[in-house]
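Engineer: Sharing input.pdb (PDB, C-alpha atoms, pLDDT in the B column) below.
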ATOM      1  CA  MET A   1     -41.942 -11.053  11.371  1.00 77.00           C
ATOM      2  CA  MET A   2     -42.356  -7.420  12.436  1.00 91.00           C
ATOM      3  CA  ASN A   3     -40.877  -6.302  15.760  1.00 91.00           C
ATOM      4  CA  SER A   4     -44.343  -5.470  17.077  1.00 93.00           C
ATOM      5  CA  ASP A   5     -45.476  -9.033  16.296  1.00 95.00           C
ATOM      6  CA  VAL A   6     -42.523 -10.486  18.206  1.00 96.00           C
ATOM      7  CA  VAL A   7     -43.313  -8.317  21.233  1.00 96.00           C
ATOM      8  CA  ASP A   8     -47.016  -9.190  21.081  1.00 96.00           C
ATOM      9  CA  LYS A   9     -46.144 -12.882  21.132  1.00 97.00           C
ATOM     10  CA  PHE A  10     -43.698 -12.399  24.018  1.00 97.00           C
ATOM     11  CA  VAL A  11     -46.328 -10.596  26.099  1.00 97.00           C
ATOM     12  CA  ASP A  12     -48.898 -13.271  25.242  1.00 97.00           C
ATOM     13  CA  ARG A  13     -46.511 -15.971  26.481  1.00 96.00           C
ATOM     14  CA  ILE A  14     -45.931 -14.029  29.718  1.00 96.00           C
ATOM     15  CA  ASN A  15     -49.666 -13.752  30.320  1.00 96.00           C
ATOM     16  CA  ALA A  16     -50.091 -17.451  29.536  1.00 96.00           C
ATOM     17  CA  HIS A  17     -47.203 -18.300  31.919  1.00 95.00           C
ATOM     18  CA  ASP A  18     -45.784 -20.329  29.054  1.00 96.00           C
ATOM     19  CA  ILE A  19     -42.098 -20.785  29.881  1.00 94.00           C
ATOM     20  CA  GLU A  20     -41.305 -22.842  26.798  1.00 95.00           C
ATOM     21  CA  GLY A  21     -43.050 -20.258  24.647  1.00 96.00           C
ATOM     22  CA  LEU A  22     -40.963 -17.478  26.212  1.00 96.00           C
ATOM     23  CA  ILE A  23     -37.760 -19.456  25.690  1.00 96.00           C
ATOM     24  CA  SER A  24     -38.605 -19.995  22.032  1.00 96.00           C
ATOM     25  CA  LEU A  25     -38.815 -16.210  21.596  1.00 97.00           C
ATOM     26  CA  MET A  26     -35.515 -15.476  23.383  1.00 97.00           C
ATOM     27  CA  SER A  27     -32.273 -15.080  21.470  1.00 97.00           C
ATOM     28  CA  PRO A  28     -29.396 -17.345  22.625  1.00 96.00           C
ATOM     29  CA  ASP A  29     -27.770 -14.311  24.292  1.00 96.00           C
ATOM     30  CA  HIS A  30     -31.041 -12.982  25.743  1.00 96.00           C
ATOM     31  CA  VAL A  31     -30.597 -10.539  28.639  1.00 95.00           C
ATOM     32  CA  PHE A  32     -33.164  -9.597  31.281  1.00 94.00           C
ATOM     33  CA  VAL A  33     -32.597  -6.194  32.949  1.00 92.00           C
ATOM     34  CA  ASP A  34     -34.526  -5.140  36.041  1.00 87.00           C
ATOM     35  CA  SER A  35     -35.305  -1.672  37.392  1.00 82.00           C
ATOM     36  CA  LEU A  36     -32.045  -1.584  39.379  1.00 80.00           C
ATOM     37  CA  GLY A  37     -30.020  -2.364  36.276  1.00 83.00           C
ATOM     38  CA  GLU A  38     -29.262  -5.920  37.380  1.00 85.00           C
ATOM     39  CA  LYS A  39     -28.846  -8.295  34.460  1.00 89.00           C
ATOM     40  CA  ALA A  40     -29.532 -12.004  34.039  1.00 90.00           C
ATOM     41  CA  THR A  41     -28.971 -14.261  31.076  1.00 91.00           C
ATOM     42  CA  ARG A  42     -29.998 -17.732  30.034  1.00 92.00           C
ATOM     43  CA  PRO A  43     -30.477 -20.265  31.488  1.00 88.00           C
ATOM     44  CA  ALA A  44     -30.804 -18.431  34.843  1.00 88.00           C
ATOM     45  CA  ILE A  45     -33.588 -16.204  33.573  1.00 90.00           C
ATOM     46  CA  GLU A  46     -35.591 -19.245  32.493  1.00 90.00           C
ATOM     47  CA  SER A  47     -35.703 -20.624  36.045  1.00 87.00           C
ATOM     48  CA  GLY A  48     -36.255 -17.058  37.252  1.00 88.00           C
ATOM     49  CA  TRP A  49     -39.516 -16.836  35.302  1.00 91.00           C
ATOM     50  CA  ARG A  50     -40.627 -20.243  36.612  1.00 90.00           C
ATOM     51  CA  GLN A  51     -40.032 -19.224  40.209  1.00 87.00           C
ATOM     52  CA  TYR A  52     -41.652 -15.854  39.722  1.00 87.00           C
ATOM     53  CA  PHE A  53     -44.810 -17.422  38.309  1.00 91.00           C
ATOM     54  CA  ALA A  54     -44.836 -19.627  41.417  1.00 88.00           C
ATOM     55  CA  ILE A  55     -45.057 -16.645  43.778  1.00 86.00           C
ATOM     56  CA  VAL A  56     -47.316 -14.572  41.491  1.00 90.00           C
ATOM     57  CA  PRO A  57     -49.457 -17.312  39.893  1.00 91.00           C
ATOM     58  CA  ASP A  58     -51.786 -14.830  38.182  1.00 93.00           C
ATOM     59  CA  TYR A  59     -49.123 -12.389  36.984  1.00 93.00           C
ATOM     60  CA  TRP A  60     -50.321 -10.326  34.042  1.00 94.00           C
ATOM     61  CA  VAL A  61     -49.061  -7.623  31.706  1.00 94.00           C
ATOM     62  CA  LYS A  62     -51.346  -5.161  29.919  1.00 95.00           C
ATOM     63  CA  VAL A  63     -49.829  -3.064  27.146  1.00 95.00           C
ATOM     64  CA  ASP A  64     -51.660   0.148  26.242  1.00 95.00           C
ATOM     65  CA  ARG A  65     -49.209   1.523  23.716  1.00 94.00           C
ATOM     66  CA  LEU A  66     -46.300   0.322  21.576  1.00 92.00           C
ATOM     67  CA  VAL A  67     -43.682   2.752  20.271  1.00 94.00           C
ATOM     68  CA  PRO A  68     -40.906   1.685  17.859  1.00 91.00           C
ATOM     69  CA  ASP A  69     -37.359   2.647  18.809  1.00 87.00           C
ATOM     70  CA  GLU A  70     -35.032   1.586  15.983  1.00 86.00           C
ATOM     71  CA  SER A  71     -34.436  -2.145  16.593  1.00 89.00           C
ATOM     72  CA  ALA A  72     -36.478  -2.077  19.781  1.00 94.00           C
ATOM     73  CA  MET A  73     -40.057  -1.556  20.925  1.00 95.00           C
ATOM     74  CA  ILE A  74     -41.127   0.526  23.929  1.00 95.00           C
ATOM     75  CA  LEU A  75     -44.189  -0.779  25.751  1.00 96.00           C
ATOM     76  CA  PHE A  76     -46.325   1.382  28.045  1.00 96.00           C
ATOM     77  CA  GLY A  77     -48.900  -0.229  30.312  1.00 95.00           C
ATOM     78  CA  ARG A  78     -49.471  -1.924  33.636  1.00 94.00           C
ATOM     79  CA  ALA A  79     -48.612  -5.180  35.374  1.00 93.00           C
ATOM     80  CA  GLY A  80     -49.985  -6.938  38.415  1.00 93.00           C
ATOM     81  CA  GLY A  81     -50.991 -10.122  40.112  1.00 91.00           C
ATOM     82  CA  THR A  82     -51.366 -11.722  43.528  1.00 91.00           C
ATOM     83  CA  TYR A  83     -48.385 -12.401  45.760  1.00 88.00           C
ATOM     84  CA  VAL A  84     -48.470 -15.901  47.268  1.00 86.00           C
ATOM     85  CA  ALA A  85     -45.869 -17.000  49.808  1.00 76.00           C
ATOM     86  CA  ALA A  86     -44.581 -20.543  49.389  1.00 68.00           C
ATOM     87  CA  GLY A  87     -47.100 -22.986  50.784  1.00 65.00           C
ATOM     88  CA  GLY A  88     -49.798 -20.328  50.847  1.00 71.00           C
ATOM     89  CA  VAL A  89     -52.933 -19.724  48.820  1.00 77.00           C
ATOM     90  CA  PRO A  90     -53.962 -16.643  46.785  1.00 79.00           C
ATOM     91  CA  GLN A  91     -55.774 -14.029  48.874  1.00 80.00           C
ATOM     92  CA  ALA A  92     -57.548 -10.933  47.580  1.00 85.00           C
ATOM     93  CA  GLN A  93     -55.676  -8.599  49.940  1.00 85.00           C
ATOM     94  CA  ASN A  94     -52.380  -9.637  48.327  1.00 85.00           C
ATOM     95  CA  LYS A  95     -53.300  -8.391  44.859  1.00 90.00           C
ATOM     96  CA  TRP A  96     -51.073  -5.624  43.494  1.00 88.00           C
ATOM     97  CA  GLU A  97     -50.823  -3.530  40.347  1.00 91.00           C
ATOM     98  CA  THR A  98     -48.356  -0.939  39.082  1.00 90.00           C
ATOM     99  CA  PRO A  99     -47.725   1.227  35.999  1.00 92.00           C
ATOM    100  CA  ALA A 100     -44.821  -0.130  33.968  1.00 92.00           C
ATOM    101  CA  VAL A 101     -42.676   0.479  30.910  1.00 94.00           C
ATOM    102  CA  TRP A 102     -40.726  -2.180  29.062  1.00 95.00           C
ATOM    103  CA  ARG A 103     -38.097  -1.960  26.337  1.00 95.00           C
ATOM    104  CA  ALA A 104     -37.725  -5.002  24.110  1.00 97.00           C
ATOM    105  CA  GLU A 105     -34.675  -5.216  21.881  1.00 97.00           C
ATOM    106  CA  ILE A 106     -35.434  -7.367  18.834  1.00 96.00           C
ATOM    107  CA  ARG A 107     -32.909  -9.175  16.650  1.00 95.00           C
ATOM    108  CA  ASP A 108     -33.643 -11.732  13.947  1.00 94.00           C
ATOM    109  CA  GLY A 109     -37.192 -12.224  15.142  1.00 95.00           C
ATOM    110  CA  LYS A 110     -36.138 -12.888  18.762  1.00 97.00           C
ATOM    111  CA  VAL A 111     -36.126 -10.806  21.948  1.00 97.00           C
ATOM    112  CA  SER A 112     -32.455 -10.192  22.744  1.00 97.00           C
ATOM    113  CA  GLU A 113     -33.140  -7.894  25.716  1.00 97.00           C
ATOM    114  CA  TRP A 114     -36.166  -7.421  27.962  1.00 96.00           C
ATOM    115  CA  ARG A 115     -35.765  -4.358  30.191  1.00 95.00           C
ATOM    116  CA  ILE A 116     -38.296  -3.229  32.783  1.00 92.00           C
ATOM    117  CA  TYR A 117     -38.884   0.196  34.335  1.00 90.00           C
ATOM    118  CA  ALA A 118     -41.413   0.418  37.166  1.00 79.00           C
ATOM    119  CA  ASP A 119     -41.894   0.446  40.913  1.00 74.00           C
ATOM    120  CA  ASN A 120     -41.349  -2.651  43.067  1.00 71.00           C
ATOM    121  CA  GLU A 121     -43.150  -1.173  46.057  1.00 74.00           C
ATOM    122  CA  PRO A 122     -46.662  -2.571  45.376  1.00 75.00           C
ATOM    123  CA  ILE A 123     -45.500  -6.188  45.574  1.00 76.00           C
ATOM    124  CA  ARG A 124     -42.908  -5.396  48.263  1.00 76.00           C
ATOM    125  CA  ALA A 125     -45.696  -4.049  50.476  1.00 76.00           C
ATOM    126  CA  LYS A 126     -47.683  -7.275  50.051  1.00 75.00           C
ATOM    127  CA  MET A 127     -44.602  -9.324  50.897  1.00 75.00           C
ATOM    128  CA  ARG A 128     -43.922  -7.334  54.057  1.00 74.00           C
ATOM    129  CA  THR A 129     -47.539  -7.666  55.196  1.00 71.00           C
ATOM    130  CA  SER A 130     -47.564 -11.382  54.456  1.00 66.00           C
ATOM    131  CA  SER A 131     -44.282 -11.838  56.293  1.00 60.00           C
ATOM    132  CA  ALA A 132     -45.535  -9.965  59.367  1.00 56.00           C
ATOM    133  CA  GLN A 133     -48.757 -11.987  59.491  1.00 55.00           C
ATOM    134  CA  LEU A 134     -46.958 -15.308  59.123  1.00 51.00           C
ATOM    135  CA  ASP A 135     -44.390 -14.295  61.713  1.00 46.00           C
ATOM    136  CA  THR A 136     -47.140 -13.450  64.212  1.00 47.00           C
ATOM    137  CA  VAL A 137     -49.002 -16.704  63.635  1.00 45.00           C
ATOM    138  CA  THR A 138     -45.862 -18.844  63.743  1.00 42.00           C
ATOM    139  CA  HIS A 139     -44.418 -17.327  66.895  1.00 42.00           C
ATOM    140  CA  GLY A 140     -47.818 -17.259  68.571  1.00 48.00           C
ATOM    141  CA  GLN A 141     -48.407 -20.964  68.042  1.00 43.00           C
ATOM    142  CA  THR A 142     -44.958 -22.496  68.399  1.00 37.00           C
ATOM    143  CA  GLY A 143     -42.499 -19.832  69.471  1.00 35.00           C
ATOM    144  CA  GLU A 144     -40.215 -21.079  66.703  1.00 31.00           C
ATOM    145  CA  LYS A 145     -38.979 -19.498  63.525  1.00 29.00           C
ATOM    146  CA  ALA A 146     -40.898 -20.154  60.340  1.00 28.00           C
ATOM    147  CA  GLY A 147     -39.576 -22.252  57.478  1.00 28.00           C
ATOM    148  CA  ALA A 148     -37.893 -20.713  54.476  1.00 26.00           C
ATOM    149  CA  HIS A 149     -40.005 -19.418  51.613  1.00 28.00           C
ATOM    150  CA  THR A 150     -38.512 -18.577  48.237  1.00 29.00           C
ATOM    151  CA  ALA A 151     -39.439 -15.180  46.797  1.00 30.00           C
ATOM    152  CA  GLY A 152     -38.086 -15.468  43.297  1.00 32.00           C
ATOM    153  CA  GLN A 153     -34.534 -16.399  42.378  1.00 34.00           C
ATOM    154  CA  MET A 154     -32.519 -15.878  39.287  1.00 36.00           C
ATOM    155  CA  LYS A 155     -28.884 -15.913  40.297  1.00 35.00           C
ATOM    156  CA  GLY A 156     -29.094 -18.489  43.066  1.00 35.00           C
ATOM    157  CA  GLY A 157     -29.724 -18.448  46.801  1.00 35.00           C
ATOM    158  CA  SER A 158     -32.989 -18.356  48.686  1.00 33.00           C
ATOM    159  CA  LYS A 159     -34.634 -16.264  51.357  1.00 34.00           C
ATOM    160  CA  ALA A 160     -36.832 -16.754  54.341  1.00 31.00           C
ATOM    161  CA  HIS A 161     -40.535 -16.181  53.843  1.00 30.00           C
ATOM    162  CA  GLY A 162     -41.496 -12.595  53.272  1.00 33.00           C
ATOM    163  CA  THR A 163     -38.371 -11.708  51.319  1.00 36.00           C
ATOM    164  CA  ASP A 164     -38.949  -9.011  48.752  1.00 39.00           C
ATOM    165  CA  ARG A 165     -35.840  -9.679  46.750  1.00 41.00           C
ATOM    166  CA  THR A 166     -37.722  -9.868  43.505  1.00 43.00           C
ATOM    167  CA  ARG A 167     -36.265  -8.122  40.522  1.00 42.00           C
ATOM    168  CA  GLY A 168     -37.897  -5.982  37.987  1.00 40.00           C
ATOM    169  CA  PRO A 169     -40.314  -3.215  38.689  1.00 39.00           C
ATOM    170  CA  THR A 170     -43.215  -5.567  38.558  1.00 47.00           C
ATOM    171  CA  GLY A 171     -41.542  -8.171  40.641  1.00 41.00           C
ATOM    172  CA  ALA A 172     -40.468  -9.962  37.508  1.00 57.00           C
ATOM    173  CA  PRO A 173     -37.900 -12.725  37.886  1.00 53.00           C
ATOM    174  CA  GLY A 174     -35.070 -11.931  40.153  1.00 42.00           C
ATOM    175  CA  GLY A 175     -32.177 -13.054  42.237  1.00 38.00           C
ATOM    176  CA  SER A 176     -31.837 -13.316  45.974  1.00 36.00           C
ATOM    177  CA  PRO A 177     -29.028 -12.360  48.321  1.00 35.00           C
ATOM    178  CA  LYS A 178     -27.278 -15.116  50.220  1.00 37.00           C
ATOM    179  CA  ASP A 179     -29.245 -17.902  51.863  1.00 36.00           C
ATOM    180  CA  THR A 180     -30.729 -17.267  55.291  1.00 37.00           C
ATOM    181  CA  SER A 181     -32.851 -20.387  55.303  1.00 38.00           C
ATOM    182  CA  GLN A 182     -35.035 -20.860  58.381  1.00 38.00           C
ATOM    183  CA  GLU A 183     -34.708 -17.192  59.299  1.00 47.00           C
ATOM    184  CA  VAL A 184     -37.613 -14.781  59.629  1.00 53.00           C
ATOM    185  CA  VAL A 185     -36.523 -11.392  58.379  1.00 58.00           C
ATOM    186  CA  ASP A 186     -38.165  -8.155  59.506  1.00 67.00           C
ATOM    187  CA  TRP A 187     -37.853  -6.195  56.269  1.00 64.00           C
ATOM    188  CA  LYS A 188     -39.720  -3.177  57.600  1.00 71.00           C
ATOM    189  CA  LYS A 189     -37.221  -2.855  60.434  1.00 77.00           C
ATOM    190  CA  LEU A 190     -34.276  -3.244  58.045  1.00 74.00           C
ATOM    191  CA  GLU A 191     -35.731  -0.577  55.766  1.00 75.00           C
ATOM    192  CA  GLU A 192     -36.160   1.866  58.666  1.00 80.00           C
ATOM    193  CA  GLU A 193     -32.608   1.187  59.887  1.00 82.00           C
ATOM    194  CA  ALA A 194     -31.195   1.737  56.394  1.00 79.00           C
ATOM    195  CA  ARG A 195     -33.048   5.043  55.998  1.00 80.00           C
ATOM    196  CA  LYS A 196     -31.775   6.346  59.360  1.00 83.00           C
ATOM    197  CA  LYS A 197     -28.244   5.273  58.504  1.00 81.00           C
ATOM    198  CA  LEU A 198     -28.323   7.260  55.266  1.00 83.00           C
ATOM    199  CA  GLU A 199     -30.050  10.389  56.576  1.00 82.00           C
ATOM    200  CA  HIS A 200     -26.868  12.429  57.078  1.00 81.00           C
ATOM    201  CA  LEU A 201     -24.750  10.792  54.399  1.00 83.00           C
ATOM    202  CA  SER A 202     -23.307  13.240  51.864  1.00 87.00           C
ATOM    203  CA  PRO A 203     -24.031  12.632  48.160  1.00 86.00           C
ATOM    204  CA  GLN A 204     -20.384  11.711  47.623  1.00 87.00           C
ATOM    205  CA  LYS A 205     -20.316   9.207  50.475  1.00 86.00           C
ATOM    206  CA  ALA A 206     -23.677   7.798  49.385  1.00 84.00           C
ATOM    207  CA  GLN A 207     -22.329   7.270  45.848  1.00 86.00           C
ATOM    208  CA  GLU A 208     -19.166   5.625  47.180  1.00 85.00           C
ATOM    209  CA  ARG A 209     -21.157   3.274  49.400  1.00 85.00           C
ATOM    210  CA  TYR A 210     -23.572   2.435  46.574  1.00 81.00           C
ATOM    211  CA  ASP A 211     -20.686   1.717  44.187  1.00 81.00           C
ATOM    212  CA  PHE A 212     -19.132  -0.589  46.777  1.00 84.00           C
ATOM    213  CA  LEU A 213     -22.336  -2.537  47.381  1.00 80.00           C
ATOM    214  CA  SER A 214     -23.029  -2.713  43.647  1.00 73.00           C
ATOM    215  CA  SER A 215     -19.595  -4.217  43.069  1.00 75.00           C
ATOM    216  CA  LYS A 216     -20.446  -7.213  45.246  1.00 67.00           C
ATOM    217  CA  PRO A 217     -22.256 -10.214  43.728  1.00 57.00           C
ATOM    218  CA  ILE A 218     -25.900  -9.971  44.685  1.00 55.00           C
ATOM    219  CA  THR A 219     -25.817 -13.468  46.187  1.00 52.00           C
ATOM    220  CA  GLU A 220     -23.180 -12.294  48.690  1.00 64.00           C
ATOM    221  CA  LEU A 221     -25.145  -9.333  50.059  1.00 65.00           C
ATOM    222  CA  THR A 222     -26.619  -9.662  53.519  1.00 75.00           C
ATOM    223  CA  ASP A 223     -30.237  -8.684  54.105  1.00 70.00           C
ATOM    224  CA  SER A 224     -29.220  -5.343  55.643  1.00 77.00           C
ATOM    225  CA  GLU A 225     -26.734  -4.624  52.845  1.00 80.00           C
ATOM    226  CA  TYR A 226     -29.336  -5.299  50.198  1.00 74.00           C
ATOM    227  CA  GLU A 227     -31.869  -3.032  51.913  1.00 75.00           C
ATOM    228  CA  GLU A 228     -29.167  -0.370  52.275  1.00 81.00           C
ATOM    229  CA  ARG A 229     -28.420  -0.645  48.575  1.00 77.00           C
ATOM    230  CA  LEU A 230     -32.090  -0.127  47.705  1.00 76.00           C
ATOM    231  CA  ARG A 231     -32.284   2.945  49.921  1.00 78.00           C
ATOM    232  CA  LEU A 232     -29.028   4.312  48.464  1.00 80.00           C
ATOM    233  CA  ALA A 233     -30.400   3.923  44.942  1.00 75.00           C
ATOM    234  CA  GLU A 234     -33.517   5.776  46.054  1.00 72.00           C
ATOM    235  CA  LYS A 235     -31.463   8.546  47.692  1.00 74.00           C
ATOM    236  CA  LEU A 236     -29.187   8.997  44.684  1.00 75.00           C
ATOM    237  CA  SER A 237     -32.127   9.150  42.296  1.00 66.00           C
ATOM    238  CA  GLN A 238     -33.595  12.140  44.111  1.00 64.00           C
ATOM    239  CA  LYS A 239     -32.306  15.326  42.529  1.00 51.00           C
ATOM    240  CA  PRO A 240     -31.903  18.286  44.933  1.00 55.00           C
ATOM    241  CA  ASN A 241     -34.022  21.335  44.236  1.00 48.00           C
ATOM    242  CA  LYS A 242     -32.130  24.003  42.381  1.00 45.00           C
ATOM    243  CA  LYS A 243     -31.723  27.311  44.173  1.00 44.00           C
ATOM    244  CA  LYS A 244     -33.367  30.203  42.427  1.00 41.00           C
TER     245      LYS A 244
END
Step by step, read the file and then write its structure as structure tokens.
Structural biologist:
Amino acid sequence: MMNSDVVDKFVDRINAHDIEGLISLMSPDHVFVDSLGEKATRPAIESGWRQYFAIVPDYWVKVDRLVPDESAMILFGRAGGTYVAAGGVPQAQNKWETPAVWRAEIRDGKVSEWRIYADNEPIRAKMRTSSAQLDTVTHGQTGEKAGAHTAGQMKGGSKAHGTDRTRGPTGAPGGSPKDTSQEVVDWKKLEEEARKKLEHLSPQKAQERYDFLSSKPITELTDSEYEERLRLAEKLSQKPNKKK
């Protein structure tokens, strides 16, 4: 079977939300790599896909171009879907879409690595909005904290509703930092706090802090640490303008 055929089948199984079909196309040592470089292997990635399809029940991938790269295939296209918080129903305003690139490493007719490059922000924005709306309704009616909602797990742990701890640029399966069940998290506030904290951080200090946070298991990161790590990655990826 040609590499392009293997990739076509893998994408078809993603669009069909066929977990067993995806598993049949994965090598025993299959690795999933998200846009932050986080890796997951079997069987964790299998449950990760199941949970991701639960929060994005209409998730889709559209490939516009395939480019061979030795034993791999590079896919250029788009991905999208509708974010649905646990216990919720699909709503048009929660649809999202983003450009994406994938690299599929093929070995012996199986996908040994599925790597994604894209932007998480489209689905993150929907999660934050959904979280804010649910928080307002819940506190307005009962004055109590809302119940926990899972937002996609791959390495264990769960998050309160509104978590945007999905992995992969398209929100593809991902892990969650440590459990804060029954806690409503204000991700927008955490993001703003993280940005302010890093404003005057030197590149060297930013790299040191990022390396430290990256060395910790993702399931042990607090909400604020995870948001700080995201902002650090963003800061470090921005190259300063060269002086003329």
Engineer: Quick check on the file I pasted: which residues fall under the PyMOL selection byres ((chain A and resi 1-7) around 8)? Write them as a list in words.
Structural biologist: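 With the PyMOL selection byres ((chain A and resi 1-7) around 8) on this model, the match is Asp8, Lys9, Phe10, Val11, Leu25, Leu66, Pro68, Ser71, Ala72, Met73, Ala104, Ile106, Gly109, Lys110 and Val111 of chain A.
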Engineer: For each of A:Glu199, A:Asp69, A:Asp223, A:Glu20, take the minimum atom-to-atom distance to Arg103 in chain A, counting all atoms listed in the file, then give the residue where this is smallest.
Structural biologist: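 Distance minimum relative to Arg103 in chain A lands on A:Asp69.
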Engineer: Calculated over all atoms listed in the file, which of the candidates A:Glu227, A:Asp119, A:Glu234, A:Asp108 has the smallest distance to Ala206 in chain A?
Structural biologist: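 Looking at the shortest contact to Ala206 in chain A, the residue is A:Glu234.
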Engineer: Run through the PyMOL selection byres ((chain A and resi 57) around 8) on the given coordinates and return the selected residues as a ChimeraX atom specification.
Structural biologist: /A:52-56,58-59,81-84
Engineer: For Glu192 in chain A, which residue among A:Ser224, A:Gln204, A:Thr41, A:Thr129 is the nearest when counting all atoms listed in the file?
Structural biologist: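 Using all atoms listed in the file, the shortest distance to Glu192 in chain A belongs to A:Ser224.
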Engineer: From the list A:Ala100, A:Ala85, A:Ile19, A:Val63, which residue is nearest Pro43 in chain A when using all atoms listed in the file?
Structural biologist: A:Ile19
Engineer: Would you work out the distance separating CA of Gly21 in chain A from CA of Asp34 in chain A, expressed in Å to one decimal?
Structural biologist: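 Result for CA of Gly21 in chain A versus CA of Asp34 in chain A: 20.8 Å, one decimal.
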Engineer: I'd like the neighbourhood of range 209-211 of chain A as a PyMOL selection string, where a residue qualifies if any of its atoms comes within 12 Å (using only C-alpha atoms), though same-chain residues fewer than 3 positions away should be ignored.
Structural biologist: chain A and resi 36+197-198+201-206+214-216+225-237
Engineer: Which residues are close to Met26 in chain A, i.e. within 8 Å by all atoms listed in the file, leaving aside same-chain residues fewer than 3 positions away? Reply as an MDAnalysis selection string.
Structural biologist: chainID A and resid 22:23 29:30 110:112
Engineer: Restricting the calculation to all atoms listed in the file: of A:Lys62, A:Arg115, A:Arg195, A:Arg124, which residue gets closest to Pro99 in chain A?
Structural biologist: A:Lys62
Engineer: Pick out the closest residue to Leu75 in chain A from this set: A:Glu121, A:Glu105, A:Glu97, A:Glu38. Count all atoms listed in the file.
Structural biologist: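 Closest residue, counting all atoms listed in the file: A:Glu105.
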Engineer: Name every residue that the PyMOL selection byres ((chain A and resi 96) around 9) selects in this structure, writing the answer as a ChimeraX atom specification with chains first and numbers rising.
Structural biologist: /A:79-83,93-95,97-98,122-123,125-126
Engineer: CA of Arg65 in chain A and CA of Ser24 in chain A are how many Å apart?
Structural biologist: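 Separation between CA of Arg65 in chain A and CA of Ser24 in chain A: 24.0 Å.
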Engineer: Provide the CA of Tyr117 in chain A to CA of Trp102 in chain A distance in Å, to one decimal place.
Structural biologist: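 CA of Trp102 in chain A lies at a distance of 6.1 Å from CA of Tyr117 in chain A.
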